[in-house]
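Only one structure is covered here, and it is reproduced in the block below.
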Amino acid sequence: MATTMTPLQPGTEAAAQAAAFAIFGSDIPPIDPDDYDGSWRITLHVIAEEWVGEGRVERHAARTATAINDLLNTQTLFGEGSPEAGAAGTALKPLIDKCRIYGITTDDLRRHGAQLHTS
């Protein structure tokens, strides 16, 4: 018997909980019971504040800047279309995706040492 999945409805607790796991994965920090009122929508803000307070966003920006520089170095050594550069680019994609989620900008990455060209 096949089951059909109904899409999550925006603005619901189920959608907010799914968003929390999509954004933060299983690495959700412990939440003080005083900060949790039973609403995942409120909890998303608490989690984000915890991550900023713990320096996770800054560490992610630094890790991503290093991966960008590694990709640029790999492209210089092996060529832009090389398998090595492709592998480095593939490894970089999830880091960039999380930068978008965290709101990390190109300027933030440059501040952490990414050798990005200005346009």
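Labeling convention for the structure tokens: chains A, B, ... as they appear, residues from 1 per chain, ligands from 1 in order of appearance.
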
Exercise: stretch 82-90 of chain A partners within 10 Å, only C-alpha atoms, chain neighbours under 2 positions left out, as a list in words: Ala67, Ile68, Asp70, Leu71, Leu72, Asn73, Thr74, Gln75, Thr76, Leu77, Phe78, Gly79, Glu80, Leu92, Lys93, Pro94 and Leu95 of chain A

Those residues you just picked out, can you put them in a file as a PDB file, in the first residue's frame with N, CA, C and O atoms?
ATOM      1  N   ALA A  67      37.978  26.878   2.173  1.00  0.00           N
ATOM      2  CA  ALA A  67      37.597  25.988   1.069  1.00  0.00           C
ATOM      3  C   ALA A  67      37.596  26.737  -0.271  1.00  0.00           C
ATOM      4  O   ALA A  67      37.988  26.170  -1.294  1.00  0.00           O
ATOM      5  N   ILE A  68      37.194  28.003  -0.255  1.00  0.00           N
ATOM      6  CA  ILE A  68      37.238  28.807  -1.481  1.00  0.00           C
ATOM      7  C   ILE A  68      38.681  28.959  -1.943  1.00  0.00           C
ATOM      8  O   ILE A  68      39.000  28.774  -3.131  1.00  0.00           O
ATOM      9  N   ASP A  70      41.183  27.014  -1.244  1.00  0.00           N
ATOM     10  CA  ASP A  70      41.652  25.701  -1.703  1.00  0.00           C
ATOM     11  C   ASP A  70      41.185  25.436  -3.138  1.00  0.00           C
ATOM     12  O   ASP A  70      41.952  24.933  -3.958  1.00  0.00           O
ATOM     13  N   LEU A  71      39.933  25.782  -3.439  1.00  0.00           N
ATOM     14  CA  LEU A  71      39.422  25.609  -4.795  1.00  0.00           C
ATOM     15  C   LEU A  71      40.215  26.459  -5.782  1.00  0.00           C
ATOM     16  O   LEU A  71      40.623  25.978  -6.851  1.00  0.00           O
ATOM     17  N   LEU A  72      40.450  27.723  -5.438  1.00  0.00           N
ATOM     18  CA  LEU A  72      41.204  28.604  -6.332  1.00  0.00           C
ATOM     19  C   LEU A  72      42.620  28.075  -6.559  1.00  0.00           C
ATOM     20  O   LEU A  72      43.125  28.097  -7.692  1.00  0.00           O
ATOM     21  N   ASN A  73      43.265  27.579  -5.501  1.00  0.00           N
ATOM     22  CA  ASN A  73      44.606  27.005  -5.637  1.00  0.00           C
ATOM     23  C   ASN A  73      44.586  25.739  -6.495  1.00  0.00           C
ATOM     24  O   ASN A  73      45.477  25.524  -7.313  1.00  0.00           O
ATOM     25  N   THR A  74      43.569  24.916  -6.299  1.00  0.00           N
ATOM     26  CA  THR A  74      43.436  23.693  -7.090  1.00  0.00           C
ATOM     27  C   THR A  74      43.227  24.029  -8.562  1.00  0.00           C
ATOM     28  O   THR A  74      43.819  23.394  -9.438  1.00  0.00           O
ATOM     29  N   GLN A  75      42.406  25.047  -8.839  1.00  0.00           N
ATOM     30  CA  GLN A  75      42.195  25.465 -10.220  1.00  0.00           C
ATOM     31  C   GLN A  75      43.494  25.976 -10.846  1.00  0.00           C
ATOM     32  O   GLN A  75      43.766  25.705 -12.013  1.00  0.00           O
ATOM     33  N   THR A  76      44.296  26.684 -10.068  1.00  0.00           N
ATOM     34  CA  THR A  76      45.570  27.191 -10.573  1.00  0.00           C
ATOM     35  C   THR A  76      46.522  26.029 -10.879  1.00  0.00           C
ATOM     36  O   THR A  76      47.188  26.022 -11.917  1.00  0.00           O
ATOM     37  N   LEU A  77      46.554  25.038  -9.991  1.00  0.00           N
ATOM     38  CA  LEU A  77      47.468  23.904 -10.170  1.00  0.00           C
ATOM     39  C   LEU A  77      47.043  22.948 -11.284  1.00  0.00           C
ATOM     40  O   LEU A  77      47.872  22.494 -12.065  1.00  0.00           O
ATOM     41  N   PHE A  78      45.749  22.626 -11.338  1.00  0.00           N
ATOM     42  CA  PHE A  78      45.282  21.561 -12.216  1.00  0.00           C
ATOM     43  C   PHE A  78      44.399  22.046 -13.371  1.00  0.00           C
ATOM     44  O   PHE A  78      44.064  21.266 -14.243  1.00  0.00           O
ATOM     45  N   GLY A  79      43.983  23.309 -13.343  1.00  0.00           N
ATOM     46  CA  GLY A  79      43.087  23.837 -14.371  1.00  0.00           C
ATOM     47  C   GLY A  79      41.652  23.852 -13.884  1.00  0.00           C
ATOM     48  O   GLY A  79      41.251  23.023 -13.064  1.00  0.00           O
ATOM     49  N   GLU A  80      40.879  24.793 -14.426  1.00  0.00           N
ATOM     50  CA  GLU A  80      39.502  24.968 -13.956  1.00  0.00           C
ATOM     51  C   GLU A  80      38.611  23.769 -14.235  1.00  0.00           C
ATOM     52  O   GLU A  80      37.730  23.466 -13.461  1.00  0.00           O
ATOM     53  N   LEU A  92      32.770  22.345  -1.892  1.00  0.00           N
ATOM     54  CA  LEU A  92      32.461  23.718  -1.495  1.00  0.00           C
ATOM     55  C   LEU A  92      30.961  24.010  -1.505  1.00  0.00           C
ATOM     56  O   LEU A  92      30.476  24.809  -0.704  1.00  0.00           O
ATOM     57  N   LYS A  93      30.207  23.346  -2.376  1.00  0.00           N
ATOM     58  CA  LYS A  93      28.787  23.669  -2.548  1.00  0.00           C
ATOM     59  C   LYS A  93      27.976  23.644  -1.259  1.00  0.00           C
ATOM     60  O   LYS A  93      27.258  24.600  -0.960  1.00  0.00           O
ATOM     61  N   PRO A  94      28.049  22.591  -0.430  1.00  0.00           N
ATOM     62  CA  PRO A  94      27.246  22.616   0.802  1.00  0.00           C
ATOM     63  C   PRO A  94      27.652  23.734   1.758  1.00  0.00           C
ATOM     64  O   PRO A  94      26.822  24.267   2.491  1.00  0.00           O
ATOM     65  N   LEU A  95      28.935  24.095   1.737  1.00  0.00           N
ATOM     66  CA  LEU A  95      29.386  25.202   2.584  1.00  0.00           C
ATOM     67  C   LEU A  95      28.752  26.510   2.124  1.00  0.00           C
ATOM     68  O   LEU A  95      28.284  27.312   2.939  1.00  0.00           O
TER      69      LEU A  95
END

Atomic distance atom CA of A:Ile47 - atom CA of A:Arg63, expressed in Å with one decimal: 20.4 Å

query: Hey, which of A:Asn69, A:Ala62, A:Cys99, A:Ala91 ends up closest to A:Arg111? Count only C-alpha atoms.
result: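 For A:Arg111, the nearest of the given residues is A:Ala62.
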
query: Between atom CA of A:Leu109 and atom CA of A:Ala65, what is the distance, to one decimal in Å?
result: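 Atom CA of A:Ala65 lies at a distance of 5.4 Å from atom CA of A:Leu109.
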